file coords_18.txt (compact mmCIF, C-alpha atoms)
# COMPACT_ATOMS: atom_id res chain seq x y z
CA MET A 176 -19.15 -20.63 11.33
CA LYS A 177 -16.16 -19.52 9.27
CA ARG A 178 -12.64 -20.85 9.77
CA THR A 179 -9.44 -20.04 7.90
CA ILE A 180 -6.73 -22.58 7.17
CA ALA A 181 -3.23 -21.62 5.99
CA ILE A 182 -1.64 -23.98 3.44
CA MET A 183 2.00 -23.42 2.49
CA LEU A 184 2.67 -23.39 -1.25
CA LYS A 185 5.83 -24.60 -2.93
CA PRO A 186 6.08 -22.72 -6.23
CA SER A 187 9.09 -22.81 -8.51
CA GLN A 188 11.33 -19.79 -8.95
CA ASP A 189 9.45 -18.65 -12.08
CA GLU A 190 6.07 -19.17 -10.43
CA SER A 191 7.22 -17.23 -7.38
CA GLN A 192 8.29 -14.38 -9.68
CA ASP A 193 4.82 -14.40 -11.25
CA PHE A 194 3.27 -14.13 -7.80
CA CYS A 195 5.53 -11.19 -6.96
CA GLU A 196 4.52 -9.36 -10.14
CA LEU A 197 0.84 -9.97 -9.41
CA GLN A 198 1.28 -8.80 -5.83
CA GLU A 199 2.94 -5.56 -6.92
CA THR A 200 0.25 -4.80 -9.50
CA PHE A 201 -2.60 -5.78 -7.17
CA SER A 202 -1.20 -3.58 -4.36
CA ALA A 203 -0.97 -0.59 -6.71
CA ALA A 204 -4.58 -1.15 -7.82
CA CYS A 205 -5.74 -1.34 -4.18
CA ILE A 206 -3.93 1.92 -3.34
CA GLN A 207 -5.46 3.70 -6.33
CA ALA A 208 -8.97 2.44 -5.50
CA ALA A 209 -8.58 3.42 -1.82
CA ASN A 210 -7.34 6.91 -2.71
CA CYS A 211 -10.24 7.35 -5.11
CA GLY A 212 -12.74 6.32 -2.45
CA LYS A 213 -11.12 8.57 0.16
CA LYS A 214 -11.05 11.54 -2.20
CA ASN A 215 -14.75 11.16 -3.00
CA LYS A 216 -15.69 10.19 0.60
CA GLU A 217 -17.00 6.85 -0.58
CA LYS A 218 -16.53 3.58 1.30
CA SER A 219 -19.02 1.19 -0.24
CA ARG A 220 -17.77 -1.35 -2.74
CA ILE A 221 -20.43 -0.46 -5.34
CA GLY A 222 -19.72 3.26 -5.01
CA ILE A 223 -15.96 2.83 -5.45
CA HIS A 224 -16.62 0.45 -8.35
CA HIS A 225 -18.59 3.12 -10.23
CA LEU A 226 -15.88 5.70 -9.52
CA CYS A 227 -12.69 3.92 -10.54
CA TYR A 228 -13.37 0.59 -12.26
CA TYR A 229 -12.69 1.82 -15.80
CA SER A 230 -9.64 3.80 -14.72
CA LEU A 231 -8.23 0.67 -13.04
CA ARG A 232 -8.82 -1.40 -16.15
CA LYS A 233 -7.05 1.25 -18.23
CA GLU A 234 -4.17 1.69 -15.77
CA PHE A 235 -3.63 -2.04 -15.14
CA PRO A 236 -4.76 -3.89 -18.28
CA THR A 237 -3.00 -7.14 -17.34
CA LEU A 238 -4.79 -7.34 -14.00
CA GLY A 239 -8.04 -8.51 -15.51
CA ALA A 240 -11.64 -7.58 -14.81
CA GLN A 241 -12.23 -9.85 -11.82
CA MET A 242 -8.97 -8.99 -10.08
CA ALA A 243 -9.82 -5.31 -10.50
CA CYS A 244 -13.12 -6.01 -8.75
CA ASN A 245 -11.25 -7.84 -5.99
CA ALA A 246 -8.93 -4.85 -5.53
CA ILE A 247 -11.95 -2.55 -5.22
CA ALA A 248 -13.53 -4.87 -2.65
CA LYS A 249 -10.31 -4.98 -0.63
CA ALA A 250 -10.03 -1.19 -0.71
CA SER A 251 -13.64 -0.86 0.45
CA GLN A 252 -13.01 -3.16 3.42
CA ALA A 253 -9.90 -1.19 4.37
CA LEU A 254 -11.76 2.12 4.26
CA LYS A 255 -14.63 0.78 6.36
CA SER A 256 -12.29 -0.61 9.01
CA GLN A 257 -10.19 2.56 9.16
CA LYS A 258 -10.61 4.40 12.47
CA ARG A 259 -8.25 7.30 11.80
CA PRO A 260 -7.54 8.76 8.35
CA THR A 261 -4.08 7.90 7.03
CA ASP A 262 -2.44 8.38 3.66
CA ILE A 263 -1.21 4.80 3.26
CA LEU A 264 -3.75 2.01 3.61
CA PHE A 265 -1.83 -0.76 1.87
CA LYS A 266 1.77 -1.85 1.95
CA LYS A 267 3.64 -2.49 -1.26
CA GLY A 268 3.21 -6.23 -0.84
CA CYS A 269 -0.32 -6.65 0.48
CA SER A 270 -2.10 -10.00 0.32
CA ILE A 271 -3.88 -10.91 -2.91
CA HIS A 272 -7.60 -11.59 -2.66
CA TYR A 273 -8.96 -14.52 -4.66
CA ASP A 274 -12.55 -15.55 -5.28
CA LYS A 275 -14.15 -18.48 -7.11
CA ARG A 276 -13.50 -16.89 -10.50
CA THR A 277 -9.78 -16.44 -9.93
CA TYR A 278 -8.89 -19.74 -8.26
CA SER A 279 -10.10 -23.33 -8.15
CA LEU A 280 -9.29 -26.24 -5.88
CA LYS A 281 -9.94 -29.76 -7.16
CA GLY A 282 -8.63 -32.41 -4.83
CA SER A 283 -5.06 -31.42 -4.09
CA THR A 284 -4.60 -29.35 -7.29
CA LEU A 285 -4.79 -25.58 -6.87
CA SER A 286 -5.16 -23.31 -9.89
CA LEU A 287 -4.35 -19.61 -9.37
CA PHE A 288 -4.69 -16.58 -11.63
CA THR A 289 -1.54 -14.57 -12.44
CA LEU A 290 -0.77 -11.74 -14.87
CA LYS A 291 0.59 -14.16 -17.48
CA LYS A 292 -1.31 -17.40 -17.09
CA ARG A 293 -2.93 -19.66 -14.53
CA ILE A 294 -0.52 -21.59 -12.33
CA GLN A 295 -1.37 -25.07 -11.12
CA LEU A 296 0.21 -26.27 -7.87
CA THR A 297 -0.04 -29.57 -6.04
CA LEU A 298 -0.85 -28.98 -2.38
CA GLU A 299 0.48 -31.02 0.50
CA ILE A 300 -2.61 -30.98 2.74
CA SER A 301 -2.17 -32.24 6.29
CA PRO A 302 -4.82 -34.49 7.88
CA TYR A 303 -5.73 -31.61 10.22
CA HIS A 304 -6.52 -29.30 7.30
CA GLN A 305 -8.14 -32.09 5.30
CA ASN A 306 -10.63 -32.59 8.12
CA PHE A 307 -11.79 -28.98 7.71
CA LEU A 308 -11.93 -29.32 3.92
CA ASP A 309 -14.14 -32.40 4.22
CA GLN A 310 -16.57 -30.67 6.58
CA GLY A 311 -16.76 -27.13 5.20
CA LYS A 312 -17.65 -25.30 2.03
CA ILE A 313 -14.85 -23.43 0.25
CA LYS A 314 -15.20 -19.64 0.11
CA GLU A 315 -12.78 -16.83 -0.76
CA ALA A 316 -9.02 -16.93 -0.13
CA GLU A 317 -5.92 -14.78 0.31
CA LEU A 318 -2.45 -15.34 -1.13
CA VAL A 319 0.02 -14.14 1.52
CA ARG A 320 3.76 -13.71 1.23
CA LYS A 321 5.94 -14.10 4.33
CA GLY A 322 9.56 -13.51 3.48
CA LYS A 323 10.33 -15.91 0.65
CA ARG A 324 7.44 -18.26 1.44
CA TRP A 325 3.90 -18.19 0.06
CA PHE A 326 0.78 -19.22 1.98
CA PHE A 327 -2.75 -19.74 0.73
CA HIS A 328 -5.26 -18.68 3.40
CA LEU A 329 -8.48 -20.49 2.54
CA VAL A 330 -11.78 -19.50 4.18
CA LEU A 331 -14.20 -22.33 4.89
CA ASP A 332 -17.85 -22.16 5.90
CA LEU A 333 -18.26 -24.90 8.51
CA PRO A 334 -21.59 -26.08 9.93
CA ASP A 335 -22.45 -24.38 13.21
CA VAL A 336 -21.99 -26.46 16.32
CA PRO A 337 -25.21 -26.29 18.40
CA ILE A 338 -24.96 -24.83 21.88
CA VAL A 339 -24.69 -27.59 24.43
CA GLY A 340 -27.60 -26.23 26.48
CA GLN A 341 -28.22 -24.78 29.88
CA GLY A 342 -25.67 -25.78 32.47
CA LYS A 343 -22.92 -24.37 34.61
CA ALA A 344 -20.97 -21.27 33.65
CA VAL A 345 -17.49 -20.04 34.47
CA GLY A 346 -16.43 -16.44 34.99
CA VAL A 347 -13.11 -15.20 33.60
CA ASP A 348 -11.12 -12.14 34.65
CA PHE A 349 -8.28 -10.88 32.43
CA GLY A 350 -5.26 -9.12 33.85
CA GLU A 351 -1.55 -8.49 33.48
CA ASN A 352 0.06 -10.06 36.55
CA VAL A 353 -2.52 -12.85 36.55
CA VAL A 354 -3.43 -13.28 32.89
CA ILE A 355 -6.53 -15.40 33.46
CA ALA A 356 -8.43 -16.03 36.69
CA THR A 357 -11.50 -18.24 36.60
CA SER A 358 -14.33 -18.54 39.10
CA THR A 359 -13.43 -22.25 39.44
CA GLY A 360 -10.19 -21.25 41.18
CA LYS A 361 -7.68 -21.54 38.33
CA LEU A 362 -4.98 -18.84 38.11
CA ILE A 363 -2.64 -18.41 35.15
CA LYS A 364 0.19 -16.10 36.11
CA GLY A 365 1.65 -13.68 33.60
CA GLY A 366 5.02 -12.91 35.15
CA THR A 367 6.97 -14.66 32.38
CA ILE A 368 4.95 -12.87 29.68
CA LYS A 369 5.42 -9.51 31.40
CA THR A 370 9.18 -10.03 31.69
CA PHE A 371 9.45 -11.00 28.02
CA ARG A 372 7.52 -7.92 26.89
CA ASP A 373 9.58 -5.56 29.08
CA LYS A 374 12.81 -7.12 27.82
CA PHE A 375 11.71 -6.83 24.20
CA LEU A 376 10.60 -3.22 24.68
CA SER A 377 13.93 -2.19 26.22
CA HIS A 378 15.83 -4.02 23.46
CA ARG A 379 13.92 -2.21 20.74
CA LYS A 380 14.34 1.11 22.57
CA ARG A 381 18.12 0.70 22.71
CA LEU A 382 18.30 -0.11 19.00
CA GLN A 383 16.11 2.86 18.07
CA SER A 384 18.19 5.27 20.15
CA ASN A 385 21.39 3.92 18.57
CA GLY A 386 20.41 4.86 15.02
CA SER A 387 23.30 3.07 13.31
CA GLN A 388 22.94 1.00 10.16
CA ALA A 389 23.57 -2.21 12.11
CA ALA A 390 20.87 -1.26 14.62
CA LYS A 391 18.37 -0.62 11.82
CA GLN A 392 19.19 -3.99 10.27
CA ARG A 393 18.66 -5.66 13.64
CA LEU A 394 15.31 -3.88 14.05
CA ARG A 395 14.17 -5.20 10.69
CA TYR A 396 15.37 -8.68 11.64
CA ILE A 397 13.39 -8.80 14.90
CA SER A 398 10.34 -7.06 13.43
CA GLY A 399 7.16 -8.92 14.28
CA ARG A 400 8.84 -11.30 16.74
CA GLU A 401 6.92 -9.98 19.75
CA LYS A 402 3.64 -10.02 17.81
CA ARG A 403 4.13 -13.63 16.76
CA ARG A 404 5.09 -14.65 20.29
CA MET A 405 2.01 -13.01 21.82
CA LYS A 406 -0.23 -14.57 19.18
CA TYR A 407 1.12 -17.97 20.17
CA VAL A 408 0.59 -17.14 23.86
CA ASN A 409 -3.01 -16.06 23.22
CA HIS A 410 -3.67 -19.30 21.36
CA CYS A 411 -2.33 -21.29 24.32
CA LEU A 412 -4.35 -19.24 26.82
CA SER A 413 -7.58 -19.60 24.88
CA LYS A 414 -7.07 -23.38 24.53
CA GLU A 415 -6.44 -23.69 28.26
CA MET A 416 -9.56 -21.63 28.98
CA ILE A 417 -11.76 -23.87 26.82
CA HIS A 418 -10.21 -26.96 28.43
CA GLU A 419 -10.97 -25.58 31.89
CA ALA A 420 -14.62 -25.00 30.93
CA LYS A 421 -14.98 -28.52 29.51
CA VAL A 422 -13.33 -30.20 32.51
CA ASN A 423 -15.75 -28.46 34.88
CA GLY A 424 -18.77 -29.26 32.70
CA CYS A 425 -19.50 -25.60 31.88
CA THR A 426 -21.64 -24.71 28.88
CA ALA A 427 -21.03 -20.94 29.06
CA ILE A 428 -18.06 -18.64 29.64
CA ALA A 429 -18.55 -15.15 31.06
CA ILE A 430 -15.85 -12.66 30.06
CA GLU A 431 -15.30 -8.93 30.40
CA ASP A 432 -16.25 -6.53 27.65
CA LEU A 433 -12.91 -4.78 27.19
CA THR A 434 -14.02 -2.55 24.31
CA ASN A 435 -12.19 0.81 24.35
CA ILE A 436 -10.05 -0.32 27.29
CA ARG A 437 -7.06 1.61 25.94
CA GLU A 438 -8.96 4.86 26.39
CA ARG A 439 -9.64 4.00 30.04
CA ILE A 440 -6.12 2.96 31.06
CA LYS A 441 -4.57 5.33 33.59
CA ALA A 442 -1.03 4.31 34.47
CA GLY A 443 2.59 5.32 34.04
CA LYS A 444 4.27 5.67 30.66
CA LYS A 445 5.99 2.27 30.84
CA ALA A 446 2.84 0.48 32.00
CA ARG A 447 0.72 2.21 29.34
CA SER A 448 3.17 1.20 26.63
CA ARG A 449 3.04 -2.43 27.75
CA LEU A 450 -0.76 -2.50 28.17
CA HIS A 451 -1.41 -0.76 24.85
CA ARG A 452 0.57 -3.49 23.10
CA TRP A 453 -1.45 -6.25 24.78
CA SER A 454 -3.88 -7.76 22.30
CA PHE A 455 -7.07 -7.94 24.38
CA HIS A 456 -9.29 -8.22 21.32
CA GLN A 457 -7.20 -11.02 19.85
CA LEU A 458 -7.41 -13.11 23.02
CA ARG A 459 -11.16 -12.58 23.19
CA SER A 460 -11.64 -13.52 19.52
CA PHE A 461 -9.57 -16.69 20.01
CA ILE A 462 -11.72 -17.70 22.97
CA GLU A 463 -14.92 -16.94 21.05
CA TYR A 464 -14.17 -19.02 17.97
CA LYS A 465 -12.72 -21.92 19.96
CA ALA A 466 -15.78 -21.89 22.22
CA ALA A 467 -18.11 -21.83 19.21
CA ALA A 468 -16.36 -24.92 17.84
CA GLU A 469 -17.10 -26.74 21.11
CA GLY A 470 -20.70 -25.53 21.44
CA ILE A 471 -19.92 -23.27 24.42
CA GLU A 472 -21.73 -19.95 24.76
CA ILE A 473 -19.85 -16.68 25.38
CA ILE A 474 -21.46 -14.06 27.62
CA THR A 475 -19.92 -10.58 27.89
CA VAL A 476 -20.54 -8.29 30.84
CA SER A 477 -19.35 -4.84 31.85
CA PRO A 478 -16.19 -4.98 33.98
CA ALA A 479 -17.18 -1.90 36.00
CA TYR A 480 -16.55 -2.36 39.76
CA THR A 481 -15.99 -6.12 39.39
CA SER A 482 -12.58 -5.75 41.05
CA GLN A 483 -13.86 -3.50 43.87
CA THR A 484 -17.07 -5.32 44.81
CA CYS A 485 -17.15 -8.18 47.28
CA SER A 486 -18.50 -11.33 45.65
CA HIS A 487 -20.09 -12.44 48.96
CA CYS A 488 -21.98 -9.38 50.24
CA LEU A 489 -21.83 -7.13 47.11
CA GLN A 490 -20.34 -4.23 49.07
CA ILE A 491 -17.35 -2.12 48.03
CA GLY A 492 -14.17 -3.49 49.58
CA ASN A 493 -10.47 -2.75 49.53
CA ARG A 494 -8.13 -4.17 46.88
CA GLN A 495 -4.38 -4.10 47.32
CA LYS A 496 -2.55 -5.91 44.51
CA HIS A 497 -3.65 -9.58 44.82
CA ARG A 498 -5.49 -9.19 48.13
CA PHE A 499 -9.14 -8.22 48.45
CA THR A 500 -10.58 -7.42 51.86
CA CYS A 501 -14.22 -6.69 52.61
CA PHE A 502 -14.82 -4.64 55.77
CA ASN A 503 -18.54 -5.43 55.70
CA CYS A 504 -18.53 -9.25 55.82
CA GLY A 505 -14.87 -9.80 56.66
CA SER A 506 -14.10 -11.94 53.60
CA PHE A 507 -10.46 -12.17 52.54
CA GLN A 508 -9.70 -13.61 49.09
CA HIS A 509 -7.59 -13.29 45.95
CA SER A 510 -8.57 -10.10 44.13
CA ASP A 511 -8.65 -11.69 40.67
CA LEU A 512 -10.71 -14.66 41.86
CA ASN A 513 -13.11 -12.22 43.49
CA ALA A 514 -13.42 -10.32 40.17
CA SER A 515 -14.06 -13.52 38.21
CA ARG A 516 -16.86 -14.48 40.61
CA ASN A 517 -18.43 -11.06 40.21
CA ILE A 518 -18.28 -11.46 36.42
CA LEU A 519 -20.01 -14.84 36.75
CA ARG A 520 -22.69 -13.32 39.01
CA LEU A 521 -23.39 -10.55 36.49
CA ALA A 522 -23.62 -13.04 33.63
CA LEU A 523 -26.09 -15.26 35.50
CA SER A 524 -28.18 -12.33 36.71
CA ALA A 525 -30.68 -11.04 34.15
CA ASP A 526 -31.01 -7.77 36.04
CA GLY A 527 -27.27 -7.22 36.29
CA ALA A 528 -26.45 -8.17 32.70
CA THR A 529 -29.39 -6.88 30.67
CA GLY A 530 -31.50 -4.73 33.00
CA ASN A 531 -32.78 -1.32 31.87
CA VAL A 532 -30.77 1.17 33.91
CA ASN A 533 -32.89 4.09 32.69
CA CYS A 534 -36.12 2.71 34.16
CA ARG A 535 -37.18 4.95 37.05
CA TYR A 536 -40.21 3.04 38.29
CA ILE A 537 -40.72 -0.67 38.82
CA ALA A 538 -44.21 -2.11 38.79
CA ALA A 539 -45.26 -3.88 41.98
call {"tool": "encode", "arguments": {"input": "coords_18.txt", "output": "structure tokens"}}
result
Amino acid sequence: MKRTIAIMLKPSQDESQDFCELQETFSAACIQAANCGKKNKEKSRIGIHHLCYYSLRKEFPTLGAQMACNAIAKASQALKSQKRPTDILFKKGCSIHYDKRTYSLKGSTLSLFTLKKRIQLTLEISPYHQNFLDQGKIKEAELVRKGKRWFFHLVLDLPDVPIVGQGKAVGVDFGENVVIATSTGKLIKGGTIKTFRDKFLSHRKRLQSNGSQAAKQRLRYISGREKRRMKYVNHCLSKEMIHEAKVNGCTAIAIEDLTNIRERIKAGKKARSRLHRWSFHQLRSFIEYKAAAEGIEIITVSPAYTSQTCSHCLQIGNRQKHRFTCFNCGSFQHSDLNASRNILRLALSADGATGNVNCRYIAA
């Protein structure tokens, strides 16, 4: 299991200038390697290496052989993750990739490669981060610049936590008005989050329509604020979800598979804008890695008809906002709780979760 810890660095003014120069050169090398790979329709690291390694060494002689290889590897990853072709893959100040040949960490002393010389910094490691360093094995790292501050994102390979074993499971339904609904009866409302996102969207819209220099400066100032806020919210939601599973003695969490949900959303322009900016994948990834750290299994099921099917009699009912009514058995319940119970039923049912839907005949 891999975890990433972010350690803030405190370089001097000259050392910070060296980092800026390295970042500018490394970004230019990544752009050149990515353009070379795109031009030759090559995405693999080895293929791009054979195409542009010597040209990178000639164009950026101070970058060094290993940093040139790191730039090629970063360009390959960007090309592989690219869904739609764009001209610009890297910003001017992209993060700098380090490996074992370009950095070393001995105790609290960090040695980093730069264009001029290696820089040695003394890290102030918190007990929380030190706990991960004591348990895991150090892997690659990224040097990230945020404003005037520098952070060292260190990847650690931690020992896998064994799955607790067979036990109870909890179903989870994601939504907008009710962010999380669990089959245990817990509801986490999203009215405050929805209001914040609508307010932020209207604020940004007014500034963009203004077009003045002051409005552009304000847009740059608030850039990323909504993203950081929603990342914090997703962290809190995932922690609360794991806590709910542990309190109820659950060893598995059943969640919806929301892959390609943006292509299936059919709503008004304002609702689509808000839903498209909701980070479904981020929330799911937070729940997955926090559950893995606690030895809890994650089961994904298809969300099709989970909101329209009655969890008691499995017949199609009527859903109106938060109310679900079944005309077959007469059950009346919260629509999101009903969906979470259907998700749990699908996860626990081998036929519903993994059955072969193309099988025409069943042996007696």
call {"tool": "axis_aligned_box", "arguments": {"input": "coords_18.txt", "around": "segment 228-232 of chain A", "padding_each_side": "8 Å", "output": "JSON"}}
result
{"center_x": -10.8, "center_y": 1.2, "center_z": -14.2, "size_x": 21.1, "size_y": 21.2, "size_z": 19.9}
call {"tool": "closest_residue", "arguments": {"input": "coords_18.txt", "among": "A:Ala467, A:Leu433, A:Ile223, A:Ala344", "to": "Cys205 of chain A", "atoms": "only C-alpha atoms"}}
result
A:Ile223
call {"tool": "closest_residue", "arguments": {"input": "coords_18.txt", "among": "A:Arg220, A:Gln257, A:Ala246, A:Leu298", "to": "Lys281 of chain A", "atoms": "all atoms listed in the file"}}
result
A:Leu298
call {"tool": "residues_around", "arguments": {"input": "coords_18.txt", "residues": "Trp325 of chain A", "least_positions_apart": "2", "cutoff": "9 Å", "atoms": "only C-alpha atoms", "output": "PyMOL selection string"}}
result
chain A and resi 182-186+191+194+318-323+327
call {"tool": "closest_atom_pairs", "arguments": {"input": "coords_18.txt", "of": "segment 242-346 of chain A", "to": "segment 353-371 of chain A", "cutoff": "12 Å", "atoms": "all atoms listed in the file", "output": "tab-separated table"}}
result
residue	atom	partner	partner_atom	distance
A:Lys343	CA	A:Thr359	CA	10.9
A:Ala344	CA	A:Ser358	CA	9.0
A:Val345	CA	A:Ser358	CA	5.8
A:Gly346	CA	A:Ser358	CA	5.1
call {"tool": "closest_residue", "arguments": {"input": "coords_18.txt", "among": "A:Arg520, A:Pro236, A:Gln383, A:Gln341", "to": "Gly424 of chain A", "atoms": "all atoms listed in the file"}}
result
A:Gln341
call {"tool": "build_atoms", "arguments": {"input": "coords_18.txt", "residues": "segment 337-362 of chain A", "atoms": "N, CA and C atoms", "output": "compact mmCIF listing (two decimals), keeping the file's coordinate frame"}}
result
# COMPACT_ATOMS: atom_id res chain seq x y z
N PRO A 337 -24.13 -26.75 17.52
CA PRO A 337 -25.21 -26.29 18.40
C PRO A 337 -24.72 -26.09 19.82
N ILE A 338 -25.30 -25.09 20.49
CA ILE A 338 -24.96 -24.83 21.88
C ILE A 338 -25.35 -26.03 22.72
N VAL A 339 -24.47 -26.39 23.63
CA VAL A 339 -24.69 -27.59 24.43
C VAL A 339 -25.99 -27.53 25.20
N GLY A 340 -26.36 -26.38 25.71
CA GLY A 340 -27.60 -26.23 26.48
C GLY A 340 -27.32 -25.55 27.80
N GLN A 341 -28.36 -25.43 28.60
CA GLN A 341 -28.22 -24.78 29.88
C GLN A 341 -27.42 -25.66 30.84
N GLY A 342 -26.51 -25.06 31.52
CA GLY A 342 -25.67 -25.78 32.47
C GLY A 342 -24.88 -24.80 33.30
N LYS A 343 -23.75 -25.24 33.80
CA LYS A 343 -22.92 -24.37 34.61
C LYS A 343 -22.19 -23.36 33.72
N ALA A 344 -21.75 -22.29 34.34
CA ALA A 344 -20.97 -21.27 33.65
C ALA A 344 -19.73 -20.98 34.47
N VAL A 345 -18.73 -20.41 33.82
CA VAL A 345 -17.49 -20.04 34.47
C VAL A 345 -17.19 -18.59 34.15
N GLY A 346 -16.80 -17.83 35.17
CA GLY A 346 -16.43 -16.44 34.99
C GLY A 346 -14.93 -16.29 34.81
N VAL A 347 -14.51 -15.38 33.93
CA VAL A 347 -13.11 -15.20 33.60
C VAL A 347 -12.74 -13.74 33.76
N ASP A 348 -11.65 -13.49 34.47
CA ASP A 348 -11.12 -12.14 34.65
C ASP A 348 -9.75 -12.08 33.99
N PHE A 349 -9.55 -11.08 33.11
CA PHE A 349 -8.28 -10.88 32.43
C PHE A 349 -7.45 -9.85 33.18
N GLY A 350 -6.15 -10.07 33.19
CA GLY A 350 -5.26 -9.12 33.85
C GLY A 350 -3.87 -9.20 33.27
N GLU A 351 -2.94 -8.51 33.93
CA GLU A 351 -1.55 -8.49 33.48
C GLU A 351 -0.67 -9.38 34.34
N ASN A 352 -0.73 -9.21 35.66
CA ASN A 352 0.06 -10.06 36.55
C ASN A 352 -0.50 -11.47 36.60
N VAL A 353 -1.82 -11.58 36.69
CA VAL A 353 -2.52 -12.85 36.55
C VAL A 353 -3.31 -12.76 35.26
N VAL A 354 -2.84 -13.44 34.22
CA VAL A 354 -3.43 -13.28 32.89
C VAL A 354 -4.88 -13.70 32.88
N ILE A 355 -5.17 -14.87 33.43
CA ILE A 355 -6.53 -15.40 33.46
C ILE A 355 -6.81 -15.92 34.86
N ALA A 356 -7.93 -15.50 35.42
CA ALA A 356 -8.43 -16.03 36.69
C ALA A 356 -9.86 -16.47 36.48
N THR A 357 -10.17 -17.70 36.81
CA THR A 357 -11.50 -18.24 36.60
C THR A 357 -12.21 -18.40 37.94
N SER A 358 -13.53 -18.39 37.89
CA SER A 358 -14.33 -18.54 39.10
C SER A 358 -14.21 -19.94 39.69
N THR A 359 -13.65 -20.89 38.92
CA THR A 359 -13.43 -22.25 39.44
C THR A 359 -12.17 -22.34 40.30
N GLY A 360 -11.39 -21.27 40.34
CA GLY A 360 -10.19 -21.25 41.18
C GLY A 360 -8.89 -21.37 40.43
N LYS A 361 -8.91 -21.39 39.11
CA LYS A 361 -7.68 -21.54 38.33
C LYS A 361 -7.05 -20.17 38.09
N LEU A 362 -5.75 -20.08 38.32
CA LEU A 362 -4.98 -18.84 38.11
C LEU A 362 -3.84 -19.13 37.15
